[in-house]
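J.: Dropping in query_14.cif, with mmCIF, C-alpha atoms and all ligand atoms.
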```cif
data_protein
#
loop_
_atom_site.label_atom_id
_atom_site.label_comp_id
_atom_site.auth_asym_id
_atom_site.auth_seq_id
_atom_site.Cartn_x
_atom_site.Cartn_y
_atom_site.Cartn_z
CA MET H 1 140.14 47.15 80.25
CA HIS H 2 137.74 49.32 78.18
CA LYS H 3 137.55 53.11 77.94
CA SER H 4 134.15 54.76 78.15
CA LYS H 5 132.80 58.33 78.03
CA ALA H 6 130.77 58.91 81.19
CA VAL H 7 129.17 61.47 83.54
CA ILE H 8 130.63 61.72 87.02
CA ALA H 9 129.90 63.84 90.11
CA ARG H 10 133.32 64.64 91.56
CA ASP H 11 132.24 66.63 94.62
CA LYS H 12 129.16 67.61 96.60
CA GLY H 13 127.02 70.13 94.68
CA LYS H 14 129.61 70.54 91.86
CA THR H 15 128.50 70.61 88.22
CA VAL H 16 128.75 67.11 86.74
CA GLU H 17 131.57 66.32 84.26
CA VAL H 18 131.78 64.23 81.11
CA ILE H 19 135.10 62.35 81.18
CA GLU H 20 136.72 59.09 80.10
CA ILE H 21 136.60 56.23 82.61
CA ALA H 22 138.07 52.72 82.71
CA VAL H 23 135.73 49.72 82.75
CA PRO H 24 137.17 46.21 83.42
CA GLU H 25 136.47 43.06 81.43
CA PRO H 26 133.67 41.10 83.15
CA GLY H 27 134.78 38.60 85.77
CA PRO H 28 132.76 35.64 87.10
CA ASN H 29 129.02 36.46 87.27
CA GLU H 30 129.56 39.91 85.78
CA VAL H 31 128.39 41.34 82.45
CA LEU H 32 129.54 44.32 80.40
CA VAL H 33 126.64 46.31 78.91
CA THR H 34 126.71 48.77 75.99
CA ILE H 35 124.24 51.38 77.21
CA LYS H 36 121.57 52.42 74.69
CA SER H 37 119.75 54.98 76.85
CA CYS H 38 119.53 56.14 80.47
CA GLY H 39 116.87 58.28 82.19
CA VAL H 40 117.74 61.19 84.47
CA CYS H 41 116.19 60.35 87.87
CA HIS H 42 115.88 62.51 90.98
CA THR H 43 118.13 60.06 92.82
CA ASP H 44 121.10 61.00 90.54
CA LEU H 45 120.66 64.57 91.72
CA HIS H 46 120.43 63.33 95.35
CA TYR H 47 123.85 61.62 94.83
CA ARG H 48 125.35 64.79 93.36
CA GLU H 49 124.03 66.80 96.34
CA GLY H 50 125.71 64.38 98.76
CA ALA H 51 122.27 63.41 100.13
CA ILE H 52 122.85 59.64 99.73
CA ASN H 53 126.40 59.27 101.04
CA ASP H 54 129.86 60.82 100.73
CA ASP H 55 131.49 58.20 98.50
CA PHE H 56 132.50 60.71 95.79
CA PRO H 57 133.31 60.52 92.91
CA PHE H 58 130.05 58.98 91.72
CA LEU H 59 129.44 57.47 88.32
CA LEU H 60 125.85 58.68 87.83
CA GLY H 61 122.92 57.13 85.94
CA HIS H 62 120.88 54.09 86.95
CA GLU H 63 117.71 53.98 84.78
CA ALA H 64 119.06 52.24 81.74
CA SER H 65 118.77 49.69 78.97
CA GLY H 66 121.35 48.35 76.57
CA TYR H 67 122.91 45.34 74.89
CA ILE H 68 125.13 42.70 76.46
CA LYS H 69 128.64 43.21 75.05
CA GLU H 70 130.61 40.63 77.05
CA VAL H 71 129.76 38.03 79.69
CA GLY H 72 132.00 36.72 82.44
CA GLU H 73 132.47 33.14 83.61
CA ALA H 74 129.40 31.26 84.92
CA VAL H 75 126.85 33.71 83.44
CA THR H 76 123.82 31.77 82.23
CA ASN H 77 120.86 34.20 82.25
CA VAL H 78 122.02 36.39 79.32
CA SER H 79 124.20 36.11 76.20
CA VAL H 80 126.12 38.57 74.05
CA GLY H 81 123.68 40.71 72.02
CA ASP H 82 120.68 40.37 74.36
CA PHE H 83 118.65 43.52 75.00
CA VAL H 84 118.40 44.13 78.76
CA ILE H 85 117.05 46.58 81.30
CA ILE H 86 119.45 47.08 84.20
CA ALA H 87 118.00 46.58 87.68
CA TRP H 88 119.35 47.91 90.94
CA ARG H 89 118.16 44.75 92.69
CA SER H 90 119.77 41.37 92.04
CA PRO H 91 118.55 39.05 94.84
CA CYS H 92 121.31 36.97 96.43
CA GLY H 93 119.11 33.94 97.13
CA LEU H 94 120.86 33.42 100.47
CA CYS H 95 119.99 36.26 102.87
CA ARG H 96 117.29 35.94 105.54
CA SER H 97 114.67 37.57 103.29
CA CYS H 98 115.50 35.52 100.17
CA VAL H 99 115.41 32.37 102.30
CA LYS H 100 111.96 33.37 103.60
CA GLY H 101 110.75 33.51 99.98
CA LYS H 102 110.71 37.32 99.76
CA PRO H 103 113.58 38.09 97.36
CA TRP H 104 112.11 41.55 96.57
CA TYR H 105 113.36 42.64 100.02
CA CYS H 106 116.81 41.01 99.49
CA PHE H 107 119.20 42.45 102.08
CA ASP H 108 122.37 41.48 100.18
CA SER H 109 121.56 42.46 96.61
CA ARG H 110 124.44 41.78 94.16
CA ASN H 111 126.50 44.26 92.13
CA ALA H 112 129.66 43.90 90.02
CA VAL H 113 132.61 42.89 92.20
CA GLN H 114 135.24 44.77 90.17
CA ASP H 115 135.48 48.56 90.23
CA MET H 116 135.21 51.09 87.44
CA SER H 117 137.70 53.94 87.81
CA LEU H 118 139.03 57.29 86.64
CA ALA H 119 142.09 57.37 84.37
CA ASP H 120 144.31 57.99 87.46
CA GLY H 121 142.94 54.84 89.13
CA THR H 122 140.50 56.59 91.54
CA ILE H 123 137.66 54.17 92.19
CA LEU H 124 134.18 55.33 91.15
CA SER H 125 130.99 54.67 93.15
CA PRO H 126 128.32 53.72 90.60
CA ALA H 127 124.87 55.18 91.42
CA LEU H 128 122.69 52.39 92.86
CA GLY H 129 125.36 49.88 91.84
CA ILE H 130 124.81 50.68 88.15
CA GLY H 131 126.50 53.83 86.77
CA ALA H 132 124.88 54.06 83.34
CA PHE H 133 125.53 57.60 82.16
CA SER H 134 128.36 55.80 80.43
CA GLU H 135 128.86 54.15 77.05
CA LEU H 136 129.72 50.95 78.93
CA THR H 137 128.97 49.72 82.42
CA LEU H 138 129.81 46.63 84.44
CA VAL H 139 127.06 44.98 86.55
CA ASP H 140 126.23 41.69 88.22
CA ALA H 141 124.63 39.32 85.70
CA GLY H 142 121.46 39.22 87.86
CA GLN H 143 121.06 42.97 87.33
CA ALA H 144 120.74 42.47 83.55
CA ILE H 145 117.14 41.55 82.77
CA LYS H 146 116.32 40.35 79.27
CA VAL H 147 113.12 41.87 77.80
CA ASN H 148 111.43 41.88 74.39
CA PRO H 149 113.89 43.77 72.14
CA SER H 150 111.13 45.32 70.01
CA VAL H 151 110.38 47.89 72.73
CA ASN H 152 111.67 51.46 72.31
CA PRO H 153 114.88 51.40 74.43
CA ASN H 154 114.22 54.91 75.78
CA THR H 155 110.91 53.73 77.21
CA ALA H 156 112.40 50.48 78.48
CA SER H 157 115.12 52.33 80.40
CA LEU H 158 112.58 54.07 82.61
CA LEU H 159 111.24 50.75 83.88
CA GLY H 160 114.68 50.30 85.44
CA CYS H 161 113.86 52.74 88.26
CA GLY H 162 111.10 55.38 88.47
CA VAL H 163 108.40 53.67 86.43
CA MET H 164 108.91 50.33 88.21
CA ALA H 165 108.89 52.10 91.60
CA GLY H 166 105.51 53.67 90.81
CA LEU H 167 103.88 50.63 89.20
CA GLY H 168 105.07 48.45 92.06
CA ALA H 169 104.01 50.92 94.78
CA ALA H 170 100.43 50.51 93.55
CA ILE H 171 100.41 46.84 92.52
CA ASN H 172 102.95 45.09 94.78
CA THR H 173 103.03 47.24 97.91
CA GLY H 174 99.56 48.82 97.90
CA SER H 175 97.83 45.71 96.48
CA VAL H 176 95.34 47.95 94.67
CA ALA H 177 92.31 45.84 93.77
CA MET H 178 89.39 46.01 91.32
CA GLY H 179 87.06 48.89 92.17
CA ASP H 180 89.40 50.53 94.70
CA SER H 181 89.83 54.27 95.07
CA VAL H 182 93.44 55.45 95.03
CA ALA H 183 94.95 58.87 95.76
CA VAL H 184 98.46 59.64 94.48
CA PHE H 185 100.42 62.53 96.00
CA GLY H 186 103.11 63.92 93.67
CA CYS H 187 102.72 63.32 89.94
CA GLY H 188 106.29 63.09 88.69
CA GLY H 189 107.56 59.96 86.94
CA VAL H 190 106.97 57.81 90.01
CA GLY H 191 103.51 59.19 90.86
CA ASN H 192 102.24 58.89 87.29
CA ALA H 193 103.51 55.32 87.11
CA ALA H 194 101.53 54.66 90.31
CA ILE H 195 98.48 56.03 88.49
CA VAL H 196 99.12 53.71 85.53
CA GLY H 197 99.60 50.76 87.93
CA SER H 198 96.40 51.58 89.82
CA LYS H 199 94.38 51.66 86.59
CA LEU H 200 95.92 48.40 85.42
CA ALA H 201 94.94 46.77 88.74
CA GLY H 202 91.33 47.90 88.22
CA ALA H 203 91.08 50.99 90.42
CA GLN H 204 87.88 52.92 89.79
CA ASP H 205 88.66 56.40 91.12
CA VAL H 206 92.25 57.61 90.84
CA ILE H 207 92.82 61.02 92.39
CA ALA H 208 96.01 62.90 91.48
CA VAL H 209 97.43 65.53 93.88
CA ASP H 210 100.20 67.95 92.91
CA ILE H 211 101.15 71.61 93.29
CA ASP H 212 101.82 72.05 89.56
CA ASP H 213 98.88 72.26 87.13
CA LYS H 214 100.98 70.96 84.22
CA LYS H 215 101.73 67.81 86.20
CA LEU H 216 98.02 67.40 86.89
CA GLU H 217 97.23 67.66 83.18
CA TRP H 218 99.78 64.91 82.50
CA ALA H 219 98.29 62.85 85.34
CA LYS H 220 94.92 62.94 83.55
CA GLU H 221 96.59 61.64 80.39
CA PHE H 222 97.99 58.75 82.45
CA GLY H 223 94.48 57.93 83.70
CA ALA H 224 93.70 60.04 86.77
CA THR H 225 89.92 60.44 87.09
CA HIS H 226 90.17 63.49 89.41
CA THR H 227 92.91 66.04 90.05
CA VAL H 228 93.50 68.56 92.81
CA ASN H 229 96.11 71.29 93.15
CA SER H 230 96.96 71.20 96.85
CA LEU H 231 98.26 74.78 96.79
CA ASN H 232 94.70 76.03 96.25
CA ASN H 233 92.58 73.27 97.81
CA ASP H 234 92.78 71.01 100.85
CA PRO H 235 93.55 67.64 99.20
CA VAL H 236 92.16 65.67 102.16
CA ASP H 237 88.76 67.39 101.92
CA PHE H 238 88.79 66.98 98.14
CA ILE H 239 89.60 63.25 98.31
CA ARG H 240 86.87 62.70 100.91
CA SER H 241 84.39 64.63 98.74
CA VAL H 242 84.90 62.27 95.80
CA THR H 243 84.88 59.07 97.91
CA ASP H 244 81.50 59.43 99.64
CA GLY H 245 83.16 61.17 102.56
CA ASN H 246 85.29 58.11 103.39
CA GLY H 247 88.77 58.66 101.94
CA ALA H 248 90.65 56.47 99.46
CA ASP H 249 91.28 52.74 99.90
CA VAL H 250 94.94 53.24 99.01
CA THR H 251 96.96 56.46 99.25
CA ILE H 252 100.41 56.68 97.68
CA GLU H 253 102.95 59.32 98.72
CA ALA H 254 105.38 59.92 95.82
CA VAL H 255 107.05 63.14 96.98
CA GLY H 256 109.04 62.22 100.11
CA ASN H 257 107.77 64.99 102.37
CA PRO H 258 106.19 64.95 105.88
CA LYS H 259 103.38 67.31 104.80
CA THR H 260 102.26 65.10 101.91
CA TYR H 261 102.71 62.00 104.09
CA GLU H 262 100.35 63.53 106.65
CA GLN H 263 97.84 64.39 103.91
CA ALA H 264 98.06 60.84 102.57
CA PHE H 265 97.54 59.53 106.12
CA TYR H 266 94.33 61.51 106.66
CA ALA H 267 93.03 61.04 103.10
CA ARG H 268 92.93 57.25 103.61
CA ASP H 269 89.72 55.35 104.43
CA HIS H 270 89.54 53.32 107.65
CA ALA H 271 91.56 50.10 107.34
CA GLY H 272 93.13 51.44 104.12
CA VAL H 273 96.73 51.28 103.00
CA LEU H 274 99.22 54.16 102.91
CA VAL H 275 102.29 53.56 100.72
CA LEU H 276 105.39 55.76 101.06
CA VAL H 277 107.44 55.55 97.85
CA GLY H 278 108.86 59.12 97.91
CA VAL H 279 112.30 59.24 99.55
CA PRO H 280 112.49 61.70 102.46
CA ASP H 281 115.50 63.79 103.40
CA PRO H 282 117.30 62.24 106.43
CA ALA H 283 116.50 65.37 108.52
CA MET H 284 112.71 65.06 108.10
CA ASN H 285 110.41 64.04 110.97
CA ILE H 286 106.73 63.36 111.31
CA ASN H 287 104.42 63.81 114.28
CA LEU H 288 101.08 61.99 114.23
CA PRO H 289 98.66 61.29 117.13
CA LEU H 290 99.19 57.62 118.06
CA ILE H 291 95.45 57.25 118.65
CA GLU H 292 94.85 58.18 115.00
CA ILE H 293 97.33 55.54 113.86
CA PHE H 294 95.50 52.99 116.00
CA GLY H 295 91.97 54.20 115.38
CA ARG H 296 92.26 54.34 111.59
CA GLY H 297 93.68 50.82 111.36
CA GLY H 298 94.94 49.43 108.08
CA SER H 299 98.61 49.61 107.22
CA LEU H 300 101.40 52.12 106.72
CA LYS H 301 103.92 50.66 104.27
CA SER H 302 107.14 51.73 102.58
CA SER H 303 107.88 50.66 99.02
CA TRP H 304 111.50 49.99 98.07
CA TYR H 305 111.78 49.88 94.27
CA GLY H 306 108.08 49.05 94.12
CA ASP H 307 108.85 45.78 95.98
CA CYS H 308 109.66 44.45 92.53
CA LEU H 309 111.37 41.28 91.46
CA PRO H 310 113.04 42.52 88.26
CA SER H 311 113.31 39.09 86.59
CA ARG H 312 109.55 38.58 87.09
CA ASP H 313 108.32 42.15 86.60
CA PHE H 314 110.42 43.79 83.84
CA PRO H 315 109.52 41.34 81.03
CA LYS H 316 105.88 41.36 82.15
CA TYR H 317 105.44 45.16 82.06
CA ILE H 318 107.30 45.47 78.76
CA ASP H 319 104.93 42.86 77.26
CA LEU H 320 101.86 44.63 78.70
CA HIS H 321 103.17 47.86 77.15
CA LEU H 322 103.79 46.18 73.77
CA ASP H 323 100.27 44.67 73.95
CA GLY H 324 98.83 48.19 74.40
CA ARG H 325 97.53 47.45 77.91
CA ILE H 326 99.62 50.28 79.40
CA ASN H 327 101.44 53.15 77.67
CA LEU H 328 104.91 53.77 79.03
CA ASP H 329 106.11 55.87 76.06
CA LYS H 330 104.55 59.00 77.55
CA PHE H 331 107.07 59.06 80.41
CA VAL H 332 109.81 60.13 77.99
CA THR H 333 109.53 63.94 77.70
CA GLU H 334 112.77 64.50 75.76
CA THR H 335 115.92 62.76 74.63
CA ILE H 336 119.29 64.41 75.28
CA SER H 337 123.00 63.76 74.90
CA LEU H 338 125.47 62.84 77.65
CA SER H 339 126.68 66.45 77.87
CA GLU H 340 123.17 67.67 78.80
CA VAL H 341 122.74 65.84 82.13
CA GLU H 342 123.41 69.00 84.17
CA SER H 343 120.75 71.01 82.33
CA ALA H 344 118.36 68.06 82.66
CA PHE H 345 118.76 68.33 86.47
CA HIS H 346 117.58 71.94 86.25
CA LYS H 347 114.60 71.02 84.08
CA MET H 348 113.67 68.30 86.58
CA GLU H 349 113.84 70.78 89.47
CA THR H 350 111.66 73.33 87.71
CA GLY H 351 109.14 70.63 86.75
CA GLU H 352 109.52 71.12 82.98
CA VAL H 353 109.97 67.42 82.28
CA LEU H 354 108.71 64.08 83.49
CA ARG H 355 111.88 62.38 82.26
CA SER H 356 114.85 63.44 80.16
CA VAL H 357 116.54 60.39 78.66
CA VAL H 358 120.19 60.31 77.61
CA VAL H 359 120.52 58.50 74.30
CA PHE H 360 123.81 56.93 73.16
CA GLU H 361 124.44 56.64 69.44
N1 LIG H 401 111.04 54.12 96.79
C1 LIG H 401 111.77 53.96 95.70
O1 LIG H 401 112.28 52.88 95.46
C2 LIG H 401 111.96 55.10 94.75
C3 LIG H 401 112.45 54.89 93.47
C4 LIG H 401 112.59 56.00 92.60
C5 LIG H 401 112.28 57.28 93.06
N2 LIG H 401 111.83 57.44 94.35
C6 LIG H 401 111.47 58.75 94.92
O2 LIG H 401 110.16 59.08 94.52
C7 LIG H 401 110.01 60.50 94.60
C8 LIG H 401 109.42 61.02 93.31
O3 LIG H 401 110.33 60.80 92.24
P1 LIG H 401 110.05 61.44 90.80
O4 LIG H 401 111.14 60.99 89.92
O5 LIG H 401 108.63 61.21 90.41
O6 LIG H 401 110.28 63.00 91.16
P2 LIG H 401 109.72 64.29 90.45
O7 LIG H 401 110.51 65.42 90.96
O8 LIG H 401 109.62 64.04 88.97
O9 LIG H 401 108.20 64.41 90.97
C9 LIG H 401 107.80 64.91 92.22
C10 LIG H 401 106.41 65.54 92.05
O10 LIG H 401 105.95 65.95 93.33
C11 LIG H 401 105.32 67.21 93.19
N3 LIG H 401 105.32 67.87 94.49
C12 LIG H 401 106.34 68.50 95.12
N4 LIG H 401 105.93 68.98 96.31
C13 LIG H 401 104.64 68.62 96.45
C14 LIG H 401 103.66 68.83 97.45
N5 LIG H 401 103.95 69.49 98.58
N6 LIG H 401 102.42 68.32 97.27
C15 LIG H 401 102.11 67.65 96.12
N7 LIG H 401 103.00 67.44 95.13
C16 LIG H 401 104.24 67.92 95.29
C17 LIG H 401 106.13 67.91 92.12
O11 LIG H 401 105.40 68.98 91.54
C18 LIG H 401 106.41 66.78 91.15
O12 LIG H 401 105.38 66.66 90.18
C19 LIG H 401 111.41 61.05 94.90
O13 LIG H 401 111.49 61.27 96.30
C20 LIG H 401 112.32 59.92 94.48
O14 LIG H 401 113.57 59.96 95.15
C21 LIG H 401 111.65 56.38 95.17
ZN ZN H 402 116.02 56.36 90.16
ZN ZN H 403 118.96 38.08 99.43
#
```
How does this structure look as structure tokens?
T.:
Amino acid sequence: MHKSKAVIARDKGKTVEVIEIAVPEPGPNEVLVTIKSCGVCHTDLHYREGAINDDFPFLLGHEASGYIKEVGEAVTNVSVGDFVIIAWRSPCGLCRSCVKGKPWYCFDSRNAVQDMSLADGTILSPALGIGAFSELTLVDAGQAIKVNPSVNPNTASLLGCGVMAGLGAAINTGSVAMGDSVAVFGCGGVGNAAIVGSKLAGAQDVIAVDIDDKKLEWAKEFGATHTVNSLNNDPVDFIRSVTDGNGADVTIEAVGNPKTYEQAFYARDHAGVLVLVGVPDPAMNINLPLIEIFGRGGSLKSSWYGDCLPSRDFPKYIDLHLDGRINLDKFVTETISLSEVESAFHKMETGEVLRSVVVFE
């Protein structure tokens, strides 16, 4: 058993705590990872607010990279010392989706079998089966994805969740193609990654929509060709005006809100694709005329983790970044210590940062 300093959420809405936890030695198919850095994602805050489930206490953090410290029996994909990004999807290979050849939808994704716990033995629920605001974490070997170790680990960490979700929403779910027009609603970490993904796929016009001018400035730096502040302008009219009156081929909702979903629905060209990557609150509803859903054709899709296959996608995007084809460094706004996670939540809520990244020495 190892001891590790970690950030936990003990109760709904309560300030997070830095405490010492117990992490077991890896068993069969498990690996122990020394965390190098871990991004602060909106989903950690959702856990803390009790918006995901009630399985408190949570071991927070799930956007991480680090080095393999120990491997359990039967682990073949990584060895001690490898630099890895931790994924929250480790396809089982056996469920009905894996068997159909679509492991990116895996319905029985693997996590570590053993539990991490508080000093008194209380079992912790690791956020998204990871729990990486911790010096050490225990995951399924399939969650540890080896990538080129020359990448900045702070940048690499972000590919573990938000950046992958955005890139994949555009490339895997939206199938953005050469010359397409794309509109992205919400330009946080996920939305800006969708902008980067759209450009990489060859999109011609990329329209960024947000209610915060600073976010729109950042969106331009990530490659948006047009921006619109939807507090002052109707984004649907604006998107039509820059797409010959037609609407965008692909619209991507990266907020998780019925209003922006509706805007993304109407800002889409006939037979276009709408991708929902923002996570709505369970109480939210949407009301759309069925005739509009029929008459506009195309598809309305949801994107879980950018429909990514981590073992295929993480090494690829890190290599594209190292080759200078995309720039993922700009997603890191600041680096912080483990004790600053609570204040990073506030900065995220007030829109001061794209990503704060906890760095372990
Ligand atoms: N589907 C997935 O697998 C997946 C993975 C990671 C994150 N997410 C979700 O994606 C969403 C975005 O995550 P993030 O980390 O980028 O969050 P974020 O808070 O950094 O960004 C949200 C952005 O939306 C903007 N916004 C808020 N209300 C708006 C409105 N009415 N119109 C336009 N813009 C508005 C904000 O100004 C901000 O720039 C969250 O819901 C998150 O939970 C989904
Ligand atoms: Zn996340
Ligand atoms: Zn499966």
J.: Step by step, gather every atom of stretch 78-83 of chain H that the file lists, find the box along x, y and z that holds them, add 5 Å on each side, and finally give centre and edge lengths in Å to one decimal, as JSON.
T.:
```
{"center_x": 122.4, "center_y": 39.8, "center_z": 75.7, "size_x": 17.5, "size_y": 17.4, "size_z": 17.3}
```
J.: Report, in Å to a single decimal, how far apart atom CA of H:Glu352 and atom CA of H:Pro310 are.
T.: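 Distance reported for this atom pair: 29.3 Å.
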J.: Compile the contact shell of stretch 2-17 of chain H as a PyMOL selection string: residues with an atom at most 7 Å away, counting all atoms listed in the file, same-chain residues fewer than 6 positions apart removed.
T.: chain H and resi 23-24+48-50+56-60+133-136+342
J.: Hey, which residues come within 7 Å of ligand ZN 403 (chain H) if we count only C-alpha atoms and all ligand atoms? Could you give them as a list in words?
T.: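 So, counting only C-alpha atoms and all ligand atoms, the residues near ligand ZN 403 (chain H) are Pro91, Cys92, Gly93, Leu94, Cys95, Arg96, Ser97, Cys98, Pro103, Cys106, Phe107, Asp108 and Ser109 of chain H.
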J.: In terms of the shortest atom-to-atom distance over only C-alpha atoms and all ligand atoms, which of H:Val196, H:Val190, H:Leu322, H:Ile21 is closest to ligand ZN 402 (chain H)?
T.: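 Result for the nearest residue to ligand ZN 402 (chain H): H:Val190.
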J.: In Å, how far is it from atom CA of H:Lys214 to atom CA of H:Leu320?
T.: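 Going from atom CA of H:Lys214 over to atom CA of H:Leu320 covers 26.9 Å.
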J.: Calculated over all atoms listed in the file, which of the candidates H:Ile336, H:Val279, H:Ile68, H:Ile326 has the smallest distance to H:Ile195?
T.: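 That would be H:Ile326, the residue with the smallest distance to H:Ile195.
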J.: Let me have all residues with an atom within 12 Å of ligand ZN 402 (chain H), counting all atoms listed in the file, laid out as a ChimeraX atom specification.
T.: /H:38-47,60-64,86-88,127-132,157-166,188-190,277-279,304-306,355
J.: Using all atoms listed in the file, which of H:Lys146, H:Arg89, H:Arg240, H:Lys100 sits nearest ligand LIG 401 (chain H)?
T.: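 Answer, going by the shortest atom-to-atom distance: H:Arg89.
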J.: Need the shell around stretch 183-186 of chain H: protein/DNA/RNA residues with any atom at most 6 Å away, counting only C-alpha atoms. Skip same-chain ones fewer than 5 positions apart. Format as number ranges by chain?
T.: H: 191, 206-210, 251-255
J.: Print the selection's residues with C-alpha atoms to a file, as a short mmCIF file (atom, residue, chain, number, x, y, z; two decimals), in the coordinates of the input.
T.:
```cif
data_model
loop_
_atom_site.label_atom_id
_atom_site.label_comp_id
_atom_site.auth_asym_id
_atom_site.auth_seq_id
_atom_site.Cartn_x
_atom_site.Cartn_y
_atom_site.Cartn_z
CA GLY H 191 103.51 59.19 90.86
CA VAL H 206 92.25 57.61 90.84
CA ILE H 207 92.82 61.02 92.39
CA ALA H 208 96.01 62.90 91.48
CA VAL H 209 97.43 65.53 93.88
CA ASP H 210 100.20 67.95 92.91
CA THR H 251 96.96 56.46 99.25
CA ILE H 252 100.41 56.68 97.68
CA GLU H 253 102.95 59.32 98.72
CA ALA H 254 105.38 59.92 95.82
CA VAL H 255 107.05 63.14 96.98
#
```
J.: Which residue is closest to H:Asn111? Choose from H:Ile19, H:Ile123, H:Leu216, H:Leu138 and count all atoms listed in the file.
T.: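 Of H:Ile19, H:Ile123, H:Leu216, H:Leu138, the one nearest H:Asn111, counting all atoms listed in the file, is H:Leu138.
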J.: By how many Å are atom CA of H:Gly297 and atom CA of H:Ala203 apart?
T.: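 That distance, rounded to one decimal, is 21.1 Å.
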J.: Fewer than 3 positions away in the same chain doesn't count, so skip those; otherwise give me all residues within 12 Å of H:Asp269, counting all atoms listed in the file, as a count of residues only.
T.: 27
